[in-house]
>>> print(open('start_13.pdb').read())   # PDB, C-alpha atoms and all ligand atoms
ATOM      1  CA  MET A  29       8.959  12.629 -15.370
ATOM      2  CA  THR A  30       5.703  12.066 -17.227
ATOM      3  CA  GLU A  31       4.324   8.529 -17.161
ATOM      4  CA  SER A  32       1.250   7.357 -18.987
ATOM      5  CA  VAL A  33      -0.731   6.775 -15.771
ATOM      6  CA  ALA A  34      -3.866   8.922 -15.510
ATOM      7  CA  ALA A  35      -3.649  10.941 -12.309
ATOM      8  CA  ILE A  36      -6.870  12.849 -12.961
ATOM      9  CA  THR A  37      -9.511  12.211 -15.597
ATOM     10  CA  VAL A  38     -12.249  14.720 -16.267
ATOM     11  CA  GLN A  39     -15.118  12.956 -18.009
ATOM     12  CA  ASN A  40     -18.086  14.591 -19.735
ATOM     13  CA  LEU A  41     -18.057  17.332 -17.122
ATOM     14  CA  THR A  42     -20.729  20.020 -17.261
ATOM     15  CA  MET A  43     -20.227  23.029 -14.975
ATOM     16  CA  ALA A  44     -23.034  25.401 -14.053
ATOM     17  CA  TYR A  45     -23.969  28.074 -11.555
ATOM     18  CA  GLY A  46     -27.689  27.466 -11.069
ATOM     19  CA  SER A  47     -29.261  27.381 -14.533
ATOM     20  CA  PHE A  48     -26.258  29.232 -16.061
ATOM     21  CA  VAL A  49     -24.191  26.586 -17.860
ATOM     22  CA  LEU A  50     -20.537  27.609 -18.118
ATOM     23  CA  GLN A  51     -19.051  24.614 -19.916
ATOM     24  CA  ARG A  52     -20.382  21.307 -21.232
ATOM     25  CA  ASP A  53     -18.869  17.939 -21.947
ATOM     26  CA  LEU A  54     -15.277  18.520 -20.841
ATOM     27  CA  THR A  55     -13.224  15.341 -21.256
ATOM     28  CA  PHE A  56      -9.455  15.171 -20.795
ATOM     29  CA  THR A  57      -6.743  13.292 -18.930
ATOM     30  CA  ILE A  58      -3.930  14.575 -16.736
ATOM     31  CA  ALA A  59      -0.974  12.169 -16.438
ATOM     32  CA  ARG A  60       1.122  11.775 -13.314
ATOM     33  CA  GLY A  61       3.937  14.336 -13.423
ATOM     34  CA  ASP A  62       2.204  16.559 -15.980
ATOM     35  CA  ILE A  63       2.316  20.305 -15.738
ATOM     36  CA  PHE A  64      -1.219  20.779 -16.970
ATOM     37  CA  VAL A  65      -2.448  24.226 -17.948
ATOM     38  CA  ILE A  66      -6.091  25.295 -18.044
ATOM     39  CA  MET A  67      -6.221  27.981 -20.749
ATOM     40  CA  GLY A  68      -8.898  30.223 -22.174
ATOM     41  CA  GLY A  69     -10.220  33.767 -22.262
ATOM     42  CA  SER A  70     -11.512  35.723 -19.307
ATOM     43  CA  GLY A  71     -14.627  34.294 -17.690
ATOM     44  CA  CYS A  72     -14.681  30.994 -19.602
ATOM     45  CA  GLY A  73     -14.637  28.970 -16.375
ATOM     46  CA  LYS A  74     -10.971  28.153 -15.699
ATOM     47  CA  SER A  75     -11.096  28.840 -11.952
ATOM     48  CA  THR A  76     -14.429  27.040 -11.745
ATOM     49  CA  LEU A  77     -12.870  23.958 -13.347
ATOM     50  CA  LEU A  78     -10.132  24.086 -10.714
ATOM     51  CA  ARG A  79     -12.808  24.264  -8.024
ATOM     52  CA  HIS A  80     -14.368  21.061  -9.394
ATOM     53  CA  MET A  81     -11.007  19.319  -9.022
ATOM     54  CA  ILE A  82     -10.242  20.425  -5.461
ATOM     55  CA  GLY A  83     -13.604  19.592  -3.968
ATOM     56  CA  LEU A  84     -15.140  23.061  -3.783
ATOM     57  CA  LYS A  85     -17.816  22.694  -6.454
ATOM     58  CA  PRO A  86     -19.704  19.554  -7.532
ATOM     59  CA  PRO A  87     -20.390  18.947 -11.238
ATOM     60  CA  ALA A  88     -23.792  19.665 -12.781
ATOM     61  CA  SER A  89     -23.096  16.340 -14.525
ATOM     62  CA  GLY A  90     -20.115  14.195 -15.433
ATOM     63  CA  ALA A  91     -17.191  13.120 -13.296
ATOM     64  CA  VAL A  92     -13.740  13.930 -11.971
ATOM     65  CA  TRP A  93     -11.652  10.791 -11.399
ATOM     66  CA  TYR A  94      -8.557  10.591  -9.207
ATOM     67  CA  GLY A  95      -7.021   7.371 -10.473
ATOM     68  CA  ARG A  96      -9.873   4.864 -10.126
ATOM     69  CA  ASP A  97     -11.830   6.981  -7.638
ATOM     70  CA  ASN A  98     -14.876   8.846  -8.908
ATOM     71  CA  PHE A  99     -14.210  11.874  -6.699
ATOM     72  CA  TRP A 100     -17.713  13.321  -6.371
ATOM     73  CA  GLU A 101     -19.263   9.877  -5.783
ATOM     74  CA  LEU A 102     -17.027   9.223  -2.762
ATOM     75  CA  GLU A 103     -18.046   9.653   0.868
ATOM     76  CA  GLU A 104     -17.083  13.094   2.206
ATOM     77  CA  GLU A 105     -14.352  11.543   4.358
ATOM     78  CA  ASP A 106     -12.719   9.867   1.345
ATOM     79  CA  ARG A 107     -12.942  13.089  -0.650
ATOM     80  CA  ALA A 108     -11.190  14.876   2.220
ATOM     81  CA  THR A 109      -8.375  12.297   2.069
ATOM     82  CA  ILE A 110      -7.828  13.109  -1.610
ATOM     83  CA  VAL A 111      -8.035  16.857  -0.992
ATOM     84  CA  ARG A 112      -5.336  16.506   1.684
ATOM     85  CA  ARG A 113      -3.016  15.198  -1.040
ATOM     86  CA  ALA A 114      -3.460  18.501  -2.887
ATOM     87  CA  GLY A 115      -1.703  21.797  -2.240
ATOM     88  CA  VAL A 116      -3.476  24.884  -3.551
ATOM     89  CA  LEU A 117      -2.015  28.295  -4.294
ATOM     90  CA  TYR A 118      -4.774  30.840  -4.814
ATOM     91  CA  GLN A 119      -4.477  33.962  -6.944
ATOM     92  CA  SER A 120      -4.182  36.273  -3.939
ATOM     93  CA  GLY A 121      -1.564  34.122  -2.200
ATOM     94  CA  ALA A 122      -3.648  34.729   0.927
ATOM     95  CA  LEU A 123      -1.150  34.527   3.796
ATOM     96  CA  TRP A 124      -2.319  35.533   7.261
ATOM     97  CA  SER A 125      -0.895  39.032   7.691
ATOM     98  CA  SER A 126      -0.780  38.839  11.488
ATOM     99  CA  MET A 127       1.398  35.710  11.411
ATOM    100  CA  THR A 128       5.061  35.259  10.583
ATOM    101  CA  LEU A 129       6.036  33.151   7.579
ATOM    102  CA  ALA A 130       6.953  30.287   9.905
ATOM    103  CA  GLU A 131       3.521  30.455  11.566
ATOM    104  CA  ASN A 132       1.777  30.582   8.179
ATOM    105  CA  VAL A 133       3.641  27.556   6.804
ATOM    106  CA  ALA A 134       3.193  25.634  10.068
ATOM    107  CA  LEU A 135      -0.634  25.933   9.919
ATOM    108  CA  PRO A 136      -1.396  22.863   7.750
ATOM    109  CA  LEU A 137       1.162  20.790   9.678
ATOM    110  CA  GLN A 138      -0.465  21.725  12.996
ATOM    111  CA  HIS A 139      -3.920  21.132  11.599
ATOM    112  CA  TYR A 140      -3.375  17.792   9.857
ATOM    113  CA  THR A 141      -0.495  16.088  11.694
ATOM    114  CA  ASP A 142       0.466  15.191  15.276
ATOM    115  CA  LEU A 143       4.084  16.139  14.771
ATOM    116  CA  PRO A 144       5.828  17.752  17.759
ATOM    117  CA  PRO A 145       6.570  21.499  17.507
ATOM    118  CA  ALA A 146      10.324  20.990  17.038
ATOM    119  CA  VAL A 147       9.755  18.734  14.002
ATOM    120  CA  ILE A 148       7.207  21.171  12.588
ATOM    121  CA  ALA A 149       9.728  24.014  12.984
ATOM    122  CA  GLU A 150      12.314  21.950  11.100
ATOM    123  CA  LEU A 151       9.875  21.116   8.293
ATOM    124  CA  VAL A 152       8.829  24.767   8.041
ATOM    125  CA  SER A 153      12.445  25.859   7.611
ATOM    126  CA  PHE A 154      12.959  23.135   5.007
ATOM    127  CA  LYS A 155       9.874  24.182   3.010
ATOM    128  CA  LEU A 156      10.926  27.831   3.166
ATOM    129  CA  SER A 157      14.384  26.860   1.902
ATOM    130  CA  LEU A 158      12.792  24.938  -1.003
ATOM    131  CA  VAL A 159      11.139  28.160  -2.192
ATOM    132  CA  GLY A 160      14.273  30.269  -1.662
ATOM    133  CA  LEU A 161      13.186  31.867   1.622
ATOM    134  CA  ALA A 162      15.642  30.287   4.077
ATOM    135  CA  GLY A 163      16.117  32.601   7.032
ATOM    136  CA  PHE A 164      12.817  34.469   6.545
ATOM    137  CA  GLU A 165      10.942  32.488   9.224
ATOM    138  CA  GLU A 166      10.282  35.473  11.482
ATOM    139  CA  PHE A 167       9.291  37.921   8.743
ATOM    140  CA  TYR A 168       5.687  39.100   8.344
ATOM    141  CA  PRO A 169       4.058  39.026   4.866
ATOM    142  CA  ALA A 170       3.957  42.849   4.717
ATOM    143  CA  GLN A 171       7.768  42.912   4.953
ATOM    144  CA  LEU A 172       8.125  40.938   1.704
ATOM    145  CA  SER A 173       7.837  41.706  -2.017
ATOM    146  CA  GLY A 174       4.891  40.298  -4.007
ATOM    147  CA  GLY A 175       7.095  37.562  -5.502
ATOM    148  CA  MET A 176       8.376  36.546  -2.073
ATOM    149  CA  ARG A 177       4.825  36.435  -0.694
ATOM    150  CA  LYS A 178       3.827  34.106  -3.546
ATOM    151  CA  ARG A 179       6.775  31.866  -2.724
ATOM    152  CA  ALA A 180       5.871  31.861   0.968
ATOM    153  CA  ALA A 181       2.299  30.863   0.067
ATOM    154  CA  LEU A 182       3.800  28.118  -2.072
ATOM    155  CA  ALA A 183       5.861  26.898   0.918
ATOM    156  CA  ARG A 184       2.576  26.614   2.803
ATOM    157  CA  ALA A 185       0.904  24.804  -0.132
ATOM    158  CA  ILE A 186       3.698  22.179  -0.143
ATOM    159  CA  ALA A 187       3.821  21.798   3.654
ATOM    160  CA  LEU A 188       2.154  18.369   3.519
ATOM    161  CA  ASP A 189       4.196  17.084   0.538
ATOM    162  CA  PRO A 190       1.243  17.115  -1.866
ATOM    163  CA  ASP A 191       0.906  14.743  -4.816
ATOM    164  CA  PHE A 192      -1.049  17.442  -6.641
ATOM    165  CA  LEU A 193      -0.296  21.152  -6.774
ATOM    166  CA  PHE A 194      -2.987  23.527  -8.014
ATOM    167  CA  PHE A 195      -2.247  27.130  -8.964
ATOM    168  CA  ASP A 196      -4.816  29.789  -9.840
ATOM    169  CA  GLU A 197      -3.087  32.491 -11.912
ATOM    170  CA  PRO A 198       0.230  32.163 -10.036
ATOM    171  CA  SER A 199       1.966  34.998 -11.864
ATOM    172  CA  ALA A 200      -0.890  37.535 -11.505
ATOM    173  CA  GLY A 201       0.558  40.793 -10.199
ATOM    174  CA  LEU A 202       4.195  39.709 -10.609
ATOM    175  CA  ASP A 203       6.789  41.461 -12.766
ATOM    176  CA  PRO A 204       8.136  39.343 -15.684
ATOM    177  CA  ILE A 205      11.328  38.329 -13.849
ATOM    178  CA  SER A 206       9.499  37.240 -10.705
ATOM    179  CA  ALA A 207       6.988  35.402 -12.913
ATOM    180  CA  ARG A 208       9.828  33.572 -14.636
ATOM    181  CA  ASN A 209      11.443  32.705 -11.306
ATOM    182  CA  LEU A 210       8.122  31.296 -10.176
ATOM    183  CA  ASP A 211       7.973  29.138 -13.334
ATOM    184  CA  GLU A 212      11.408  27.746 -12.548
ATOM    185  CA  LEU A 213      10.359  27.088  -8.981
ATOM    186  CA  ILE A 214       7.265  25.213 -10.187
ATOM    187  CA  LEU A 215       9.494  23.012 -12.371
ATOM    188  CA  GLU A 216      11.875  22.360  -9.463
ATOM    189  CA  LEU A 217       9.037  21.479  -7.107
ATOM    190  CA  ARG A 218       7.500  19.125  -9.615
ATOM    191  CA  GLU A 219      10.857  17.296  -9.628
ATOM    192  CA  SER A 220      11.519  17.351  -5.885
ATOM    193  CA  LEU A 221       7.967  16.487  -4.785
ATOM    194  CA  GLY A 222       7.191  14.239  -7.756
ATOM    195  CA  ALA A 223       3.921  16.180  -7.932
ATOM    196  CA  THR A 224       1.389  16.603 -10.710
ATOM    197  CA  VAL A 225       0.832  20.315 -11.313
ATOM    198  CA  ILE A 226      -2.388  21.957 -12.543
ATOM    199  CA  ILE A 227      -2.248  25.655 -13.372
ATOM    200  CA  VAL A 228      -4.845  28.204 -14.456
ATOM    201  CA  THR A 229      -3.071  30.844 -16.487
ATOM    202  CA  HIS A 230      -3.192  32.885 -19.667
ATOM    203  CA  GLU A 231       0.494  33.809 -19.546
ATOM    204  CA  LEU A 232       1.729  32.436 -22.868
ATOM    205  CA  ALA A 233       5.418  32.710 -21.957
ATOM    206  CA  SER A 234       4.757  30.605 -18.913
ATOM    207  CA  ILE A 235       2.616  28.126 -20.854
ATOM    208  CA  TYR A 236       5.363  27.437 -23.413
ATOM    209  CA  ALA A 237       8.094  27.390 -20.764
ATOM    210  CA  ILE A 238       6.611  24.792 -18.441
ATOM    211  CA  ALA A 239       3.398  23.127 -19.657
ATOM    212  CA  THR A 240       3.430  19.503 -20.787
ATOM    213  CA  ASN A 241      -0.316  19.277 -21.359
ATOM    214  CA  SER A 242      -3.339  21.584 -21.446
ATOM    215  CA  VAL A 243      -6.998  22.147 -22.141
ATOM    216  CA  TYR A 244      -8.484  25.187 -23.893
ATOM    217  CA  LEU A 245     -11.938  26.308 -22.725
ATOM    218  CA  ASP A 246     -14.044  28.611 -24.857
ATOM    219  CA  SER A 247     -16.819  30.783 -23.469
ATOM    220  CA  GLU A 248     -18.730  31.123 -26.736
ATOM    221  CA  ALA A 249     -18.743  27.435 -27.621
ATOM    222  CA  LYS A 250     -19.209  26.673 -23.895
ATOM    223  CA  THR A 251     -16.892  23.700 -24.231
ATOM    224  CA  MET A 252     -13.258  22.749 -24.734
ATOM    225  CA  LEU A 253     -11.737  23.313 -28.146
ATOM    226  CA  ALA A 254      -8.438  21.476 -27.666
ATOM    227  CA  THR A 255      -6.326  19.415 -25.287
ATOM    228  CA  GLY A 256      -2.638  18.429 -25.474
ATOM    229  CA  ASP A 257       0.885  19.806 -25.167
ATOM    230  CA  PRO A 258       0.555  23.530 -26.007
ATOM    231  CA  LYS A 259       3.727  23.482 -28.125
ATOM    232  CA  ARG A 260       2.255  20.664 -30.170
ATOM    233  CA  LEU A 261      -1.103  22.459 -30.372
ATOM    234  CA  LEU A 262       0.715  25.546 -31.632
ATOM    235  CA  GLN A 263       2.078  23.509 -34.550
ATOM    236  CA  GLU A 264      -0.869  21.236 -35.241
ATOM    237  CA  CYS A 265      -4.138  22.731 -33.976
ATOM    238  CA  THR A 266      -6.402  23.954 -36.746
ATOM    239  CA  ASP A 267      -9.062  25.569 -34.558
ATOM    240  CA  PRO A 268      -8.858  29.312 -35.317
ATOM    241  CA  THR A 269      -9.818  30.405 -31.776
ATOM    242  CA  VAL A 270      -7.138  28.244 -30.136
ATOM    243  CA  LEU A 271      -4.566  29.306 -32.713
ATOM    244  CA  LYS A 272      -5.409  32.959 -32.123
ATOM    245  CA  PHE A 273      -4.912  32.503 -28.382
ATOM    246  CA  LEU A 274      -1.658  30.535 -28.769
ATOM    247  CA  THR A 275      -0.164  33.051 -31.214
ATOM    248  CA  ARG A 276      -1.422  36.107 -29.347
ATOM    249  CA  GLY A 277      -3.501  36.950 -32.426
ATOM    250  CA  THR A 278      -0.576  36.925 -34.895
ATOM    251  CA  GLY A 279      -1.260  33.511 -36.445
ATOM    252  CA  LYS A 280       2.531  32.882 -36.472
ATOM    253  CA  ARG A 281       3.263  29.418 -35.152
ATOM    254  CA  GLU A 282       6.466  30.198 -33.236
ATOM    255  CA  VAL A 283       7.149  29.484 -29.574
ATOM    256  CA  ARG A 284       7.889  32.591 -27.534
ATOM    257  CA  THR A 285       9.084  32.004 -24.023
ATOM    258  CA  VAL A 286       9.917  35.629 -23.252
TER
HETATM  259  N1  LIG A 301     -19.995  31.701  -7.263
HETATM  260  C1  LIG A 301     -20.447  32.055  -8.466
HETATM  261  N2  LIG A 301     -21.773  32.206  -8.694
HETATM  262  C2  LIG A 301     -22.237  32.542  -9.912
HETATM  263  N3  LIG A 301     -21.456  32.778 -10.977
HETATM  264  C3  LIG A 301     -20.132  32.657 -10.818
HETATM  265  C4  LIG A 301     -19.556  32.297  -9.556
HETATM  266  N4  LIG A 301     -18.199  32.249  -9.706
HETATM  267  C5  LIG A 301     -17.956  32.570 -10.990
HETATM  268  N5  LIG A 301     -19.095  32.818 -11.660
HETATM  269  C6  LIG A 301     -19.233  33.175 -13.069
HETATM  270  O1  LIG A 301     -18.751  32.102 -13.844
HETATM  271  C7  LIG A 301     -18.003  32.580 -14.958
HETATM  272  C8  LIG A 301     -16.653  31.931 -14.985
HETATM  273  O2  LIG A 301     -15.899  32.318 -13.838
HETATM  274  P1  LIG A 301     -14.437  31.772 -13.592
HETATM  275  O3  LIG A 301     -13.851  32.593 -12.497
HETATM  276  O4  LIG A 301     -14.455  30.308 -13.441
HETATM  277  O5  LIG A 301     -13.737  32.127 -14.990
HETATM  278  P2  LIG A 301     -12.196  32.288 -15.370
HETATM  279  O6  LIG A 301     -12.046  31.695 -16.711
HETATM  280  O7  LIG A 301     -11.342  31.743 -14.270
HETATM  281  O8  LIG A 301     -12.061  33.864 -15.437
HETATM  282  P3  LIG A 301     -10.790  34.839 -15.273
HETATM  283  O9  LIG A 301      -9.782  34.450 -16.318
HETATM  284  O10 LIG A 301     -11.378  36.171 -15.565
HETATM  285  O11 LIG A 301     -10.291  34.670 -13.873
HETATM  286  C9  LIG A 301     -17.973  34.099 -14.852
HETATM  287  O12 LIG A 301     -18.976  34.591 -15.706
HETATM  288  C10 LIG A 301     -18.318  34.356 -13.411
HETATM  289  O13 LIG A 301     -19.013  35.568 -13.288
END
>>> encode(input="start_13.pdb", output="structure tokens", more="lines below")
Ligand SMILES: Nc1ncnc2c1ncn2[C@@H]1O[C@H](COP(=O)(O)OP(=O)(O)OP(=O)(O)O)[C@@H](O)[C@H]1O
Amino acid sequence: MTESVAAITVQNLTMAYGSFVLQRDLTFTIARGDIFVIMGGSGCGKSTLLRHMIGLKPPASGAVWYGRDNFWELEEEDRATIVRRAGVLYQSGALWSSMTLAENVALPLQHYTDLPPAVIAELVSFKLSLVGLAGFEEFYPAQLSGGMRKRAALARAIALDPDFLFFDEPSAGLDPISARNLDELILELRESLGATVIIVTHELASIYAIATNSVYLDSEAKTMLATGDPKRLLQECTDPTVLKFLTRGTGKREVRTV
């Protein structure tokens, strides 16, 4: 459920690679329990924005706040504590191909906890069951479909019960039905983990089906053009670029979830 407590605040953020400025002056708030979508055309800096939030890239200027903590001003150790509260699912899914699903999902638990192997095995089976892969512990990634691999990677991302779940293009490479199943799974996990979800995507069906909040980045303007619930933006936003994106170029303000 969405409360009005800011989980993450991005404040006057400028992102750059060397002297190449990608985006300037990004300011928006993500509430606890939001499913927050980072939208925008190819190359506008969506994945880079995600990297600023998960500790992989420091801002050129501006800040990322986790609650009252100015993330990039913290000591490295304190940043690591926040990052441990985040589960990340990368575009590729990136499971270790030489390991079974159980071994893949167990990795963060072995790395970050002192739990005994029997408890880890139990947690692994539980996480696999949460993503609909009960009984697949001993399978190798190559034995699974693309959708199942994504779900297995998700089981690994939620191994440590994260407060924040980050997804970079989760439905890339999935057929529409698997993509829809993944959307439903994201909604279920948000409920069961009580997590705040941040997703990079340009899948409109997915955006209308699950997003509660969003930001639109534009590569020409080099800044954000809108923030808010995408369904509300579809009805109310007057920016022609955002409207074009949200209506897939038709200009018709109707929600399409298929
Ligand atoms: N490590 C890097 N060094 C220099 N430039 C980079 C680096 N990573 C990304 N870029 C450039 O920054 C720009 C934005 O990249 P980014 O991946 O954040 O965009 P995106 O909106 O996620 O794109 P897409 O939708 O195509 O995945 C691109 O022009 C890219 O070439």
>>> atom_distance(input="start_13.pdb", atom1="atom CA of Met43 of chain A", atom2="atom CA of Gly201 of chain A")
27.8 Å
>>> residues_near_ligand(input="start_13.pdb", ligand="ligand LIG 301 (chain A)", cutoff="7 Å", atoms="all atoms listed in the file", output="list in words")
Tyr45, Leu50, Gly68, Gly69, Ser70, Gly71, Cys72, Gly73, Lys74, Ser75, Thr76 and Leu77 of chain A
>>> residues_around(input="start_13.pdb", residues="Gln171 of chain A", least_positions_apart="3", cutoff="12 Å", atoms="all atoms listed in the file", output="list in words")
Ser125, Ser126, Met127, Thr128, Leu129, Phe164, Glu165, Glu166, Phe167, Tyr168, Gly174, Gly175, Met176, Arg177 and Ala180 of chain A
>>> write_last_selection(input="start_13.pdb", atoms="C-alpha atoms", output="compact mmCIF listing (two decimals), in the coordinates of the input")
# COMPACT_ATOMS: atom_id res chain seq x y z
CA SER A 125 -0.90 39.03 7.69
CA SER A 126 -0.78 38.84 11.49
CA MET A 127 1.40 35.71 11.41
CA THR A 128 5.06 35.26 10.58
CA LEU A 129 6.04 33.15 7.58
CA PHE A 164 12.82 34.47 6.54
CA GLU A 165 10.94 32.49 9.22
CA GLU A 166 10.28 35.47 11.48
CA PHE A 167 9.29 37.92 8.74
CA TYR A 168 5.69 39.10 8.34
CA GLY A 174 4.89 40.30 -4.01
CA GLY A 175 7.10 37.56 -5.50
CA MET A 176 8.38 36.55 -2.07
CA ARG A 177 4.82 36.44 -0.69
CA ALA A 180 5.87 31.86 0.97
>>> residues_around(input="start_13.pdb", residues="segment 255-258 of chain A", least_positions_apart="5", cutoff="10 Å", atoms="all atoms listed in the file", output="list in words")
Thr55, Phe56, Thr57, Ile58, Asp62, Ile63, Phe64, Val65, Ile66, Met67, Leu232, Ile235, Tyr236, Ala237, Ile238, Ala239, Thr240, Asn241, Ser242, Val243, Tyr244, Leu245, Gln263, Glu264, Cys265, Val270, Leu274 and Val283 of chain A
>>> atom_distance(input="start_13.pdb", atom1="atom CA of Ala114 of chain A", atom2="atom CA of Asp191 of chain A")
6.1 Å
>>> atom_distance(input="start_13.pdb", atom1="atom CA of Phe195 of chain A", atom2="atom CA of Leu117 of chain A")
4.8 Å
>>> closest_residue(input="start_13.pdb", among="A:Leu217, A:Leu156, A:Ala233, A:Val225", to="Ile205 of chain A", atoms="all atoms listed in the file")
A:Ala233
>>> resolve_selection(input="start_13.pdb", expression="the PyMOL selection byres (((chain A and resi 85-101) around 10) and not hetatm)", output="number ranges by chain")
A: 33-47, 49, 51-60, 76-84, 102-104, 106-108, 110-111
>>> write_last_selection(input="start_13.pdb", atoms="C-alpha atoms", output="tab-separated table (two decimals), in the coordinates of the input")
chain	number	residue	atom	x	y	z
A	33	VAL	CA	-0.73	6.78	-15.77
A	34	ALA	CA	-3.87	8.92	-15.51
A	35	ALA	CA	-3.65	10.94	-12.31
A	36	ILE	CA	-6.87	12.85	-12.96
A	37	THR	CA	-9.51	12.21	-15.60
A	38	VAL	CA	-12.25	14.72	-16.27
A	39	GLN	CA	-15.12	12.96	-18.01
A	40	ASN	CA	-18.09	14.59	-19.74
A	41	LEU	CA	-18.06	17.33	-17.12
A	42	THR	CA	-20.73	20.02	-17.26
A	43	MET	CA	-20.23	23.03	-14.98
A	44	ALA	CA	-23.03	25.40	-14.05
A	45	TYR	CA	-23.97	28.07	-11.56
A	46	GLY	CA	-27.69	27.47	-11.07
A	47	SER	CA	-29.26	27.38	-14.53
A	49	VAL	CA	-24.19	26.59	-17.86
A	51	GLN	CA	-19.05	24.61	-19.92
A	52	ARG	CA	-20.38	21.31	-21.23
A	53	ASP	CA	-18.87	17.94	-21.95
A	54	LEU	CA	-15.28	18.52	-20.84
A	55	THR	CA	-13.22	15.34	-21.26
A	56	PHE	CA	-9.46	15.17	-20.80
A	57	THR	CA	-6.74	13.29	-18.93
A	58	ILE	CA	-3.93	14.58	-16.74
A	59	ALA	CA	-0.97	12.17	-16.44
A	60	ARG	CA	1.12	11.78	-13.31
A	76	THR	CA	-14.43	27.04	-11.74
A	77	LEU	CA	-12.87	23.96	-13.35
A	78	LEU	CA	-10.13	24.09	-10.71
A	79	ARG	CA	-12.81	24.26	-8.02
A	80	HIS	CA	-14.37	21.06	-9.39
A	81	MET	CA	-11.01	19.32	-9.02
A	82	ILE	CA	-10.24	20.42	-5.46
A	83	GLY	CA	-13.60	19.59	-3.97
A	84	LEU	CA	-15.14	23.06	-3.78
A	102	LEU	CA	-17.03	9.22	-2.76
A	103	GLU	CA	-18.05	9.65	0.87
A	104	GLU	CA	-17.08	13.09	2.21
A	106	ASP	CA	-12.72	9.87	1.34
A	107	ARG	CA	-12.94	13.09	-0.65
A	108	ALA	CA	-11.19	14.88	2.22
A	110	ILE	CA	-7.83	13.11	-1.61
A	111	VAL	CA	-8.04	16.86	-0.99
>>> closest_residue(input="start_13.pdb", among="A:Ala130, A:Thr229, A:Glu248, A:Val147", to="Ala181 of chain A", atoms="all atoms listed in the file")
A:Ala130
>>> residues_around(input="start_13.pdb", residues="Gln138 of chain A", least_positions_apart="6", cutoff="9 Å", atoms="all atoms listed in the file", output="MDAnalysis selection string")
chainID A and resid 144:145 148
>>> resolve_selection(input="start_13.pdb", expression="the PyMOL selection byres (((chain A and resi 152) around 9) and not hetatm)", output="PyMOL selection string")
chain A and resi 129-131+133-134+137+147-151+153-157+165+183-184+187
>>> axis_aligned_box(input="start_13.pdb", around="segment 167-173 of chain A", padding_each_side="5 Å", output="JSON")
{"center_x": 6.6, "center_y": 40.4, "center_z": 3.4, "size_x": 15.3, "size_y": 15.0, "size_z": 20.8}
>>> resolve_selection(input="start_13.pdb", expression="the PyMOL selection byres (((chain A and resi 123) around 7) and not hetatm)", output="NGL selection string")
:A and (121-122 or 124-125 or 132 or 169 or 181)
>>> closest_residue(input="start_13.pdb", among="A:Leu261, A:Ala162, A:Ile227, A:Leu143", to="Asp196 of chain A", atoms="all atoms listed in the file")
A:Ile227
>>> closest_residue(input="start_13.pdb", among="A:Ser199, A:Ser220, A:Phe194, A:Thr269", to="Ser247 of chain A", atoms="all atoms listed in the file")
A:Thr269
